[in-house]
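Below is my_file23.cif, holding mmCIF, C-alpha atoms.
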data_data
loop_
_atom_site.label_atom_id
_atom_site.label_comp_id
_atom_site.auth_asym_id
_atom_site.auth_seq_id
_atom_site.Cartn_x
_atom_site.Cartn_y
_atom_site.Cartn_z
CA MET I 1202 154.39 35.38 -24.46
CA ARG I 1203 156.27 33.04 -26.71
CA GLU I 1204 155.14 32.36 -30.23
CA ASN I 1205 152.89 29.31 -29.93
CA GLY I 1206 150.24 29.93 -32.53
CA THR I 1207 147.71 31.41 -30.07
CA GLU I 1208 147.91 34.88 -31.61
CA HIS I 1209 146.65 33.40 -34.90
CA ASN I 1210 143.37 32.22 -33.34
CA PRO I 1211 141.08 35.21 -32.59
CA LEU I 1212 138.47 33.03 -30.90
CA LEU I 1213 141.04 31.58 -28.51
CA ILE I 1214 142.41 35.07 -27.73
CA GLU I 1215 138.92 36.35 -26.95
CA LEU I 1216 138.22 33.35 -24.71
CA LEU I 1217 141.48 33.81 -22.80
CA THR I 1218 140.73 37.53 -22.40
CA TYR I 1219 137.35 36.63 -20.97
CA LEU I 1220 139.03 34.26 -18.49
CA GLN I 1221 141.82 36.73 -17.64
CA PRO I 1222 140.23 37.77 -14.26
CA ILE I 1223 140.59 34.19 -13.09
CA GLN I 1224 144.33 34.24 -13.81
CA GLU I 1225 144.69 37.57 -11.97
CA PHE I 1226 142.81 36.08 -9.02
CA LEU I 1227 145.30 33.19 -8.99
CA GLY I 1228 148.21 35.60 -8.82
CA GLY I 1229 149.12 35.30 -12.48
CA SER I 1230 150.16 31.66 -12.18
CA ALA I 1231 149.95 30.12 -15.66
CA GLY I 1232 150.01 26.57 -14.26
CA LEU I 1233 147.10 27.14 -11.87
CA PHE I 1234 145.22 29.01 -14.60
CA ALA I 1235 145.66 26.06 -16.97
CA LEU I 1236 144.48 23.64 -14.25
CA VAL I 1237 141.37 25.74 -13.60
CA ILE I 1238 140.58 25.83 -17.34
CA LEU I 1239 140.98 22.05 -17.47
CA ILE I 1240 138.60 21.58 -14.52
CA LEU I 1241 136.09 23.99 -16.09
CA SER I 1242 136.36 22.04 -19.35
CA LEU I 1243 135.54 18.85 -17.48
CA ILE I 1244 132.47 20.46 -15.92
CA VAL I 1245 131.34 22.04 -19.19
CA ALA I 1246 131.87 18.75 -21.05
CA SER I 1247 129.63 16.92 -18.58
CA ILE I 1248 126.94 19.62 -18.78
CA VAL I 1249 126.96 19.87 -22.58
CA ALA I 1250 126.90 16.12 -23.09
CA LEU I 1251 124.10 15.75 -20.54
CA LEU I 1252 122.00 18.58 -21.98
CA VAL I 1253 122.34 17.43 -25.58
CA SER I 1254 121.54 13.86 -24.57
CA ARG I 1255 118.45 15.02 -22.67
CA ILE I 1256 117.25 17.06 -25.63
CA VAL I 1257 117.76 14.12 -27.98
CA VAL I 1258 115.96 11.81 -25.53
CA LEU I 1259 112.94 14.13 -25.46
CA ALA I 1260 112.92 14.27 -29.25
CA ALA I 1261 113.27 10.48 -29.49
CA LYS I 1262 110.23 9.92 -27.27
CA LYS I 1263 108.06 11.69 -29.84
CA THR I 1264 109.02 9.28 -32.64
CA LEU I 1265 107.74 5.81 -33.43
CA PHE I 1266 111.23 4.42 -33.97
CA THR I 1267 113.22 2.33 -31.50
CA TRP I 1268 116.66 2.82 -32.99
CA ASP I 1269 116.83 6.49 -31.89
CA ASP I 1270 117.07 5.34 -28.26
CA GLN I 1271 120.24 3.49 -29.19
CA VAL I 1272 121.61 6.63 -30.83
CA VAL I 1273 121.09 8.54 -27.58
CA GLU I 1274 123.07 5.91 -25.68
CA ILE I 1275 126.13 6.24 -27.92
CA LEU I 1276 126.01 10.06 -28.24
CA TYR I 1277 127.05 11.04 -24.69
CA ARG I 1278 130.65 9.82 -24.76
CA PRO I 1279 131.75 11.51 -28.06
CA LEU I 1280 130.26 14.82 -26.93
CA PHE I 1281 131.95 14.61 -23.53
CA TRP I 1282 135.41 13.80 -24.88
CA SER I 1283 135.13 16.37 -27.68
CA VAL I 1284 134.42 19.25 -25.29
CA LEU I 1285 137.11 18.02 -22.91
CA ALA I 1286 139.70 17.78 -25.72
CA LEU I 1287 138.95 21.30 -26.92
CA GLY I 1288 139.16 22.52 -23.33
CA SER I 1289 142.58 20.89 -23.03
CA LEU I 1290 143.80 22.92 -26.00
CA VAL I 1291 142.51 26.10 -24.35
CA ALA I 1292 144.24 25.12 -21.10
CA LEU I 1293 147.47 24.65 -23.00
CA ALA I 1294 147.58 28.25 -24.28
CA PRO I 1295 148.52 30.01 -20.95
CA LEU I 1296 151.53 27.72 -20.62
CA SER I 1297 152.96 29.15 -23.88
CA PRO I 1298 154.65 25.95 -25.10
CA PRO I 1299 156.98 26.07 -28.13
CA PRO I 1300 155.28 26.16 -31.54
CA LEU I 1301 156.50 22.64 -32.35
CA VAL I 1302 154.94 21.25 -29.15
CA THR I 1303 151.72 23.18 -29.78
CA SER I 1304 151.48 21.84 -33.32
CA ALA I 1305 152.12 18.27 -32.16
CA LEU I 1306 149.53 18.53 -29.36
CA ASN I 1307 146.97 20.01 -31.77
CA SER I 1308 147.55 17.08 -34.13
CA VAL I 1309 147.21 14.59 -31.25
CA VAL I 1310 143.91 16.14 -30.11
CA ALA I 1311 142.61 16.23 -33.70
CA THR I 1312 143.56 12.56 -34.13
CA VAL I 1313 141.78 11.61 -30.92
CA LEU I 1314 138.65 13.50 -32.00
CA VAL I 1315 138.71 11.83 -35.42
CA ILE I 1316 138.97 8.38 -33.79
CA ILE I 1317 136.19 9.14 -31.28
CA TRP I 1318 133.74 10.39 -33.90
CA SER I 1319 134.70 7.65 -36.35
CA LEU I 1320 133.77 5.03 -33.75
CA PHE I 1321 130.52 6.90 -33.16
CA LEU I 1322 129.75 6.94 -36.89
CA ILE I 1323 130.49 3.23 -37.22
CA ARG I 1324 128.14 2.39 -34.33
CA LEU I 1325 125.50 4.76 -35.70
CA LEU I 1326 125.82 3.22 -39.16
CA LYS I 1327 125.32 -0.28 -37.78
CA ILE I 1328 122.23 0.82 -35.85
CA LEU I 1329 120.67 2.45 -38.93
CA LEU I 1330 121.51 -0.46 -41.23
CA LYS I 1331 120.06 -2.97 -38.79
CA ALA I 1332 116.88 -0.90 -38.53
CA LEU I 1333 116.63 -0.82 -42.33
CA SER I 1334 117.21 -4.58 -42.60
CA LEU I 1335 114.31 -5.21 -40.21
CA SER I 1336 112.00 -2.90 -42.15
CA GLN I 1337 108.89 -4.39 -43.74
CA HIS I 1338 109.78 -2.67 -47.01
CA LYS I 1339 111.20 -5.57 -49.03
CA ARG I 1340 112.41 -3.36 -51.90
CA LEU I 1341 115.23 -1.89 -49.85
CA PHE I 1342 118.78 -2.85 -50.72
CA VAL I 1343 119.53 -3.56 -47.06
CA GLN I 1344 118.14 -6.99 -46.17
CA PRO I 1345 119.15 -9.39 -43.37
CA GLN I 1346 121.23 -11.32 -45.92
CA THR I 1347 123.03 -8.19 -47.18
CA LEU I 1348 123.43 -6.55 -43.76
CA PRO I 1349 127.02 -7.80 -43.18
CA LEU I 1350 128.03 -6.58 -46.64
CA PHE I 1351 126.74 -3.05 -46.10
CA GLU I 1352 128.14 -2.95 -42.57
CA ASN I 1353 131.60 -3.86 -43.86
CA LEU I 1354 131.37 -1.35 -46.71
CA GLY I 1355 130.28 1.36 -44.27
CA VAL I 1356 133.14 0.58 -41.89
CA ILE I 1357 135.65 0.68 -44.76
CA ILE I 1358 134.35 4.07 -45.94
CA VAL I 1359 134.37 5.58 -42.43
CA VAL I 1360 137.87 4.23 -41.71
CA ALA I 1361 139.16 5.53 -45.05
CA ILE I 1362 137.80 9.02 -44.37
CA ALA I 1363 139.17 8.90 -40.80
CA ILE I 1364 142.64 7.97 -42.07
CA TYR I 1365 142.49 10.86 -44.53
CA PHE I 1366 141.66 13.38 -41.78
CA VAL I 1367 144.29 11.93 -39.44
CA PHE I 1368 146.95 12.45 -42.11
CA LYS I 1369 145.62 15.96 -42.74
CA SER I 1370 145.85 16.77 -39.02
CA TRP I 1371 149.55 15.84 -39.16
CA HIS I 1372 149.99 17.95 -42.33
CA VAL I 1373 150.78 14.95 -44.54
CA ASP I 1374 150.06 15.41 -48.27
CA MET I 1375 147.61 12.69 -49.34
CA THR I 1376 147.71 13.37 -53.09
CA ALA I 1377 150.28 10.68 -53.88
CA TRP I 1378 148.54 8.18 -51.58
CA LEU I 1379 145.15 8.77 -53.20
CA ALA I 1380 146.64 8.38 -56.67
CA SER I 1381 148.28 5.10 -55.67
CA ALA I 1382 145.02 3.88 -54.12
CA GLY I 1383 143.18 4.67 -57.35
CA ILE I 1384 145.66 2.67 -59.43
CA VAL I 1385 145.46 -0.28 -57.02
CA GLY I 1386 141.66 -0.11 -57.10
CA ILE I 1387 141.59 -0.26 -60.89
CA ALA I 1388 143.96 -3.24 -60.92
CA ILE I 1389 141.86 -5.10 -58.35
CA GLY I 1390 138.71 -4.30 -60.30
CA PHE I 1391 140.07 -5.86 -63.49
CA ALA I 1392 141.43 -8.89 -61.65
CA ALA I 1393 138.20 -9.61 -59.78
CA LYS I 1394 135.62 -8.46 -62.34
CA ASP I 1395 133.72 -11.78 -62.27
CA THR I 1396 133.61 -11.81 -58.49
CA LEU I 1397 132.45 -8.20 -58.42
CA ALA I 1398 129.79 -8.95 -61.04
CA ASN I 1399 128.44 -11.77 -58.87
CA LEU I 1400 128.65 -9.52 -55.81
CA PHE I 1401 126.65 -6.65 -57.28
CA SER I 1402 124.16 -9.03 -58.92
CA GLY I 1403 123.60 -10.66 -55.52
CA VAL I 1404 122.90 -7.28 -53.95
CA PHE I 1405 120.41 -6.37 -56.69
CA ILE I 1406 118.71 -9.77 -56.48
CA LEU I 1407 118.23 -9.38 -52.74
CA ALA I 1408 116.98 -5.82 -53.20
CA ASP I 1409 114.71 -6.43 -56.20
CA ALA I 1410 113.50 -9.78 -54.78
CA PRO I 1411 112.48 -11.57 -58.03
CA TYR I 1412 112.43 -14.69 -55.86
CA LYS I 1413 113.00 -15.57 -52.22
CA ILE I 1414 114.10 -18.58 -50.23
CA GLY I 1415 111.47 -21.31 -50.50
CA ASP I 1416 110.20 -20.28 -53.96
CA TYR I 1417 110.05 -22.75 -56.83
CA VAL I 1418 111.70 -21.31 -59.93
CA VAL I 1419 112.28 -22.51 -63.46
CA LEU I 1420 115.40 -21.26 -65.21
CA ASP I 1421 115.73 -20.40 -68.87
CA SER I 1422 117.89 -23.51 -69.29
CA GLY I 1423 115.07 -25.74 -67.99
CA GLU I 1424 116.22 -26.47 -64.43
CA ARG I 1425 113.42 -26.37 -61.86
CA GLY I 1426 113.95 -26.37 -58.14
CA LYS I 1427 113.36 -24.81 -54.76
CA VAL I 1428 115.51 -21.82 -53.77
CA THR I 1429 117.42 -22.86 -50.64
CA HIS I 1430 120.01 -20.10 -50.41
CA ILE I 1431 120.53 -16.61 -51.81
CA GLY I 1432 124.08 -15.50 -51.13
CA ILE I 1433 126.21 -12.59 -52.21
CA ARG I 1434 128.04 -14.71 -54.80
CA SER I 1435 125.55 -17.40 -55.85
CA THR I 1436 122.03 -18.83 -55.59
CA ARG I 1437 121.34 -22.47 -54.78
CA LEU I 1438 118.42 -24.57 -56.01
CA LEU I 1439 117.35 -28.00 -54.78
CA THR I 1440 115.72 -30.03 -57.56
CA ARG I 1441 113.04 -32.68 -57.08
CA ASP I 1442 115.83 -35.26 -57.45
CA ASP I 1443 117.46 -33.78 -54.31
CA VAL I 1444 120.34 -32.46 -56.41
CA GLU I 1445 121.67 -29.05 -55.43
CA ILE I 1446 122.48 -26.62 -58.23
CA THR I 1447 124.70 -23.60 -57.57
CA ILE I 1448 124.30 -20.75 -60.05
CA PRO I 1449 126.44 -17.57 -60.01
CA ASN I 1450 124.36 -14.48 -59.36
CA ALA I 1451 125.69 -12.80 -62.50
CA ILE I 1452 123.89 -15.51 -64.49
CA MET I 1453 120.74 -15.32 -62.33
CA GLY I 1454 120.62 -11.57 -62.84
CA ASN I 1455 120.77 -11.85 -66.65
CA THR I 1456 118.51 -14.80 -67.35
CA ARG I 1457 114.76 -15.29 -67.66
CA ILE I 1458 113.34 -16.84 -64.49
CA ILE I 1459 109.82 -18.20 -63.98
CA ASN I 1460 108.83 -17.94 -60.32
CA GLU I 1461 106.09 -20.50 -59.80
CA SER I 1462 105.61 -19.26 -56.23
CA GLY I 1463 105.27 -15.61 -57.26
CA GLY I 1464 102.17 -13.60 -58.00
CA PRO I 1465 99.37 -12.51 -55.64
CA HIS I 1466 99.60 -15.79 -53.71
CA GLU I 1467 101.76 -18.90 -53.50
CA LYS I 1468 99.04 -21.17 -54.89
CA PHE I 1469 99.99 -22.95 -58.09
CA ARG I 1470 97.63 -24.04 -60.85
CA ILE I 1471 98.01 -27.49 -62.33
CA ARG I 1472 96.46 -28.75 -65.54
CA VAL I 1473 95.40 -32.34 -66.27
CA SER I 1474 94.73 -32.93 -69.98
CA VAL I 1475 92.66 -35.98 -70.86
CA GLY I 1476 91.08 -37.19 -74.08
CA VAL I 1477 87.86 -39.24 -74.33
CA ALA I 1478 86.54 -41.13 -77.30
CA TYR I 1479 84.08 -39.58 -79.72
CA GLY I 1480 80.55 -40.51 -78.69
CA SER I 1481 81.26 -40.15 -74.95
CA ASP I 1482 78.76 -38.21 -72.80
CA ILE I 1483 80.67 -34.92 -72.49
CA ASP I 1484 78.50 -33.65 -69.62
CA GLN I 1485 79.13 -36.82 -67.64
CA VAL I 1486 82.87 -36.54 -68.25
CA LYS I 1487 82.99 -32.91 -67.09
CA GLU I 1488 80.95 -33.72 -63.98
CA MET I 1489 83.25 -36.63 -63.10
CA LEU I 1490 86.37 -34.53 -63.52
CA MET I 1491 84.91 -31.79 -61.33
CA ASN I 1492 83.99 -34.27 -58.59
CA ILE I 1493 87.46 -35.81 -58.70
CA ALA I 1494 89.08 -32.39 -58.24
CA VAL I 1495 86.71 -31.37 -55.40
CA THR I 1496 87.29 -34.59 -53.45
CA GLU I 1497 91.09 -34.46 -53.75
CA PRO I 1498 92.34 -33.18 -50.32
CA HIS I 1499 95.35 -31.32 -51.73
CA VAL I 1500 93.27 -29.25 -54.17
CA CYS I 1501 92.33 -25.75 -52.96
CA GLU I 1502 88.69 -24.77 -52.64
CA THR I 1503 89.53 -21.22 -53.72
CA PRO I 1504 89.94 -20.62 -56.62
CA THR I 1505 87.46 -23.32 -57.55
CA PRO I 1506 88.52 -26.09 -59.97
CA ARG I 1507 87.52 -25.67 -63.63
CA VAL I 1508 86.87 -28.07 -66.49
CA ARG I 1509 87.24 -26.87 -70.07
CA PHE I 1510 86.44 -28.69 -73.31
CA ARG I 1511 89.36 -27.51 -75.39
CA THR I 1512 89.23 -28.98 -78.88
CA PHE I 1513 88.22 -31.79 -81.18
CA GLY I 1514 91.35 -33.89 -81.48
CA ALA I 1515 92.34 -36.31 -84.22
CA SER I 1516 90.92 -39.26 -82.29
CA SER I 1517 89.56 -37.78 -79.04
CA LEU I 1518 87.67 -34.98 -77.38
CA ASP I 1519 90.36 -33.06 -75.51
CA ILE I 1520 89.38 -31.76 -72.06
CA ASP I 1521 91.44 -29.91 -69.42
CA LEU I 1522 90.93 -30.12 -65.67
CA MET I 1523 92.47 -27.07 -63.98
CA CYS I 1524 92.80 -26.69 -60.22
CA TRP I 1525 95.03 -25.02 -57.66
CA VAL I 1526 97.32 -26.48 -55.02
CA VAL I 1527 98.75 -24.72 -51.96
CA ASN I 1528 102.27 -24.44 -53.41
CA PRO I 1529 104.32 -25.77 -56.34
CA GLU I 1530 106.08 -28.31 -54.12
CA VAL I 1531 103.04 -30.65 -54.11
CA ARG I 1532 102.43 -30.39 -57.85
CA ASP I 1533 103.74 -33.85 -58.77
CA VAL I 1534 101.97 -35.54 -55.85
CA VAL I 1535 98.60 -34.04 -56.80
CA LEU I 1536 99.08 -34.80 -60.50
CA ASP I 1537 99.77 -38.43 -59.63
CA ALA I 1538 96.64 -38.64 -57.45
CA LEU I 1539 94.39 -36.98 -60.03
CA ASN I 1540 95.66 -39.07 -62.96
CA THR I 1541 95.23 -42.29 -60.97
CA THR I 1542 91.68 -41.41 -59.87
CA ILE I 1543 90.65 -40.29 -63.38
CA TYR I 1544 91.87 -43.53 -64.94
CA LYS I 1545 90.12 -45.72 -62.36
CA GLN I 1546 86.80 -43.89 -62.52
CA PHE I 1547 86.79 -43.70 -66.32
CA LYS I 1548 87.46 -47.43 -66.47
CA ALA I 1549 84.67 -48.11 -63.96
CA GLU I 1550 82.17 -45.98 -65.94
CA GLY I 1551 83.20 -47.44 -69.29
CA ILE I 1552 84.53 -44.15 -70.65
CA GLU I 1553 87.16 -44.89 -73.25
CA ILE I 1554 90.45 -43.02 -73.33
CA PRO I 1555 91.57 -43.41 -76.95
CA TYR I 1556 95.18 -43.98 -77.85
CA SER I 1557 97.07 -44.06 -81.10
CA LYS I 1558 97.19 -47.45 -82.79
CA GLN I 1559 98.02 -48.81 -86.22
CA ASP I 1560 96.44 -51.73 -88.07
CA ILE I 1561 98.62 -53.60 -90.58
CA TYR I 1562 96.90 -55.26 -93.54
CA ILE I 1563 98.80 -57.86 -95.58
CA LYS I 1564 97.58 -57.73 -99.16
CA GLU I 1565 99.09 -61.05 -100.12
CA MET I 1566 101.56 -63.48 -98.72
CA PRO I 1567 104.88 -63.75 -100.49
CA PRO I 1568 105.39 -66.95 -102.47
CA SER I 1569 106.96 -69.69 -100.38
#

Go ahead and render the structure in this file as structure tokens.
Amino acid sequence: MRENGTEHNPLLIELLTYLQPIQEFLGGSAGLFALVILILSLIVASIVALLVSRIVVLAAKKTLFTWDDQVVEILYRPLFWSVLALGSLVALAPLSPPPLVTSALNSVVATVLVIIWSLFLIRLLKILLKALSLSQHKRLFVQPQTLPLFENLGVIIVVAIAIYFVFKSWHVDMTAWLASAGIVGIAIGFAAKDTLANLFSGVFILADAPYKIGDYVVLDSGERGKVTHIGIRSTRLLTRDDVEITIPNAIMGNTRIINESGGPHEKFRIRVSVGVAYGSDIDQVKEMLMNIAVTEPHVCETPTPRVRFRTFGASSLDIDLMCWVVNPEVRDVVLDALNTTIYKQFKAEGIEIPYSKQDIYIKEMPPS
């Protein structure tokens, strides 16, 4: 037997020894023996792939997840081709090819296996990430908005590892390549540091969820608006003037944000401050304010409206009417309705709303 590397693989020698009766039955023909091994590999590949798939199917039926059924569907083909590829290497041994041919064929088979299982891992990664994005747990990093980002990152990582193993299978030293890749990565990181800052801030915003699309937020700089878009690079707000503001996520992640739609519910409390003249019937005023709030259709019944006599002002008794609306978007509409109704009813009942005024007294007229 020519030197082909077989003698360095004890497992392969033992397997060929076990199959030696078949070669003797075929009259010692190496070609027929290799063909039989290839056919047996095909049969074994089908059986192994089928058995493993069946076992995984039975295990998947006992779980509450739906994504494991998809894993079963993509598992059969990699198993089949892996067993068949290994069987092809075994079938190659009786032919005693030259060491150079054996080495090249081993590298080809290893490359094929790396590609097959890399495709499997990419498909598996997409299935798992999609399942995570559809989870009800909103604190996860993987959300529908960030799903493409994590899918692309996963594909890049799998492809990078696959390339490394492909080069290793062809006995190519990757040390210089990895060093060059590290230098390039550092250069790109410095060049795109602002973009990367926005990128990572966007991921953390989507994962931490300090606000969501549809929330009304007030920024530290005073801008108030409705969140219309949360992207990887920026967040967009639509103000009450229908002006869209685009803010980089790096700023959103490092600023104080008031989420008016946050808390245990989306309801938003509004406060109407009104002053009445000294001498007014305070009980009548409080009853009128309560009735106005209860009859306003946009005011929520729960929590109930409240009226509070706050303080004795310089020229008025200061009272606050506090009530809740369904969401911050209708705040200005309800304030307008309440202020209008309060003014009309106070005027009808003769309740004075004092205002600042100045009287000018002329001590004497200047000589003409």

Test item: residues at most 9 Å from stretch 1399-1411 of chain I, all atoms listed in the file, excluding those fewer than 4 positions along its chain, as a list in words: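 These residues fall inside the cut-off: Lys1339, Arg1340, Leu1341, Phe1342, Val1343, Gln1344, Gln1346, Thr1347, Leu1350, Lys1394, Asp1395, Ile1431, Gly1432, Ile1433, Arg1434, Ser1435, Thr1436, Pro1449, Asn1450, Ala1451, Ile1452, Met1453, Gly1454, Asn1455, Ile1458, Asn1460 and Gly1463 of chain I.
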
What lies within 8 Å of I:Arg1472 using only C-alpha atoms, ignoring chain neighbours under 3 positions off, as a PDB file with C-alpha atoms, in the frame of the given file?
ATOM      1  CA  ASP I1521      91.440 -29.910 -69.420  1.00  0.00           C
ATOM      2  CA  LEU I1522      90.930 -30.120 -65.670  1.00  0.00           C
ATOM      3  CA  MET I1523      92.470 -27.070 -63.980  1.00  0.00           C
ATOM      4  CA  CYS I1524      92.800 -26.690 -60.220  1.00  0.00           C
TER       5      CYS I1524
END

Atomic distance atom CA of I:Asp1374 - atom CA of I:Val1315, expressed in Å with one decimal: 17.5 Å

Atom CA of I:Thr1456 to atom CA of I:Gly1423, distance in Å rounded to a single decimal: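 Atom-to-atom, atom CA of I:Thr1456 to atom CA of I:Gly1423, that is 11.5 Å.
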
Closest of I:Leu1439, I:Leu1348, I:Ile1244, I:Val1309 to I:Leu1335 - atom-to-atom distances counting all atoms listed in the file: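 Of the candidates, the smallest distance to I:Leu1335 is held by I:Leu1348.
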
For stretch 1482-1488 of chain I: contacts at 12 Å, all atoms listed in the file, fewer than 5 positions along chain excluded, given as a PDB file with C-alpha atoms, in the frame of the given file:
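The result, written out as out-v3.pdb:
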ATOM      1  CA  VAL I1475      92.660 -35.980 -70.860  1.00  0.00           C
ATOM      2  CA  GLY I1476      91.080 -37.190 -74.080  1.00  0.00           C
ATOM      3  CA  VAL I1477      87.860 -39.240 -74.330  1.00  0.00           C
ATOM      4  CA  ILE I1493      87.460 -35.810 -58.700  1.00  0.00           C
ATOM      5  CA  ALA I1494      89.080 -32.390 -58.240  1.00  0.00           C
ATOM      6  CA  VAL I1495      86.710 -31.370 -55.400  1.00  0.00           C
ATOM      7  CA  PRO I1506      88.520 -26.090 -59.970  1.00  0.00           C
ATOM      8  CA  ARG I1507      87.520 -25.670 -63.630  1.00  0.00           C
ATOM      9  CA  VAL I1508      86.870 -28.070 -66.490  1.00  0.00           C
ATOM     10  CA  ARG I1509      87.240 -26.870 -70.070  1.00  0.00           C
ATOM     11  CA  PHE I1510      86.440 -28.690 -73.310  1.00  0.00           C
ATOM     12  CA  ARG I1511      89.360 -27.510 -75.390  1.00  0.00           C
ATOM     13  CA  PHE I1513      88.220 -31.790 -81.180  1.00  0.00           C
ATOM     14  CA  SER I1517      89.560 -37.780 -79.040  1.00  0.00           C
ATOM     15  CA  LEU I1518      87.670 -34.980 -77.380  1.00  0.00           C
ATOM     16  CA  ASP I1519      90.360 -33.060 -75.510  1.00  0.00           C
ATOM     17  CA  ILE I1520      89.380 -31.760 -72.060  1.00  0.00           C
ATOM     18  CA  ASP I1521      91.440 -29.910 -69.420  1.00  0.00           C
ATOM     19  CA  LEU I1522      90.930 -30.120 -65.670  1.00  0.00           C
ATOM     20  CA  MET I1523      92.470 -27.070 -63.980  1.00  0.00           C
ATOM     21  CA  ILE I1543      90.650 -40.290 -63.380  1.00  0.00           C
ATOM     22  CA  TYR I1544      91.870 -43.530 -64.940  1.00  0.00           C
ATOM     23  CA  GLN I1546      86.800 -43.890 -62.520  1.00  0.00           C
ATOM     24  CA  PHE I1547      86.790 -43.700 -66.320  1.00  0.00           C
ATOM     25  CA  LYS I1548      87.460 -47.430 -66.470  1.00  0.00           C
ATOM     26  CA  GLU I1550      82.170 -45.980 -65.940  1.00  0.00           C
ATOM     27  CA  GLY I1551      83.200 -47.440 -69.290  1.00  0.00           C
ATOM     28  CA  ILE I1552      84.530 -44.150 -70.650  1.00  0.00           C
ATOM     29  CA  GLU I1553      87.160 -44.890 -73.250  1.00  0.00           C
ATOM     30  CA  ILE I1554      90.450 -43.020 -73.330  1.00  0.00           C
TER      31      ILE I1554
END

Residue with smallest distance to I:Ile1256 - pool I:Leu1276, I:Ala1361, I:Leu1322, I:Leu1239, counting only C-alpha atoms: I:Leu1276

Atom pair atom CA of I:Pro1529 / atom CA of I:Thr1505: separation (Å):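 Value for the atom CA of I:Pro1529-atom CA of I:Thr1505 distance: 17.1 Å.
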
Neighbours of point (127.3, 0.4, -44.7) within 12 Å, using only C-alpha atoms, written as a list in words: Leu1322, Ile1323, Arg1324, Leu1325, Leu1326, Lys1327, Ile1328, Leu1329, Leu1330, Lys1331, Leu1333, Ser1334, Phe1342, Val1343, Gln1344, Thr1347, Leu1348, Pro1349, Leu1350, Phe1351, Glu1352, Asn1353, Leu1354, Gly1355, Val1356, Ile1357, Ile1358, Val1359 and Val1360 of chain I

Top pick for closest residue to I:Val1313, considering I:Val1367, I:Val1284, I:Leu1290, I:Leu1251 and counting only C-alpha atoms: I:Val1367

Hits of the PyMOL selection byres ((chain I and resi 1292) around 8) in this structure, as an MDAnalysis selection string: chainID I and resid 1234:1236 1238:1239 1288:1291 1293:1296

Nearest candidate to I:Ile1459 (options I:Val1419, I:Ile1471, I:Leu1379, I:Ala1363; using only C-alpha atoms):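 Smallest separation from I:Ile1459 among the options: I:Val1419.
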
Distance criterion (all atoms listed in the file): nearest to I:Ala1305 out of I:Tyr1277, I:Trp1371, I:Phe1391, I:Phe1469: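 Checking each of I:Tyr1277, I:Trp1371, I:Phe1391, I:Phe1469 against I:Ala1305, counting all atoms listed in the file, the winner is I:Trp1371.
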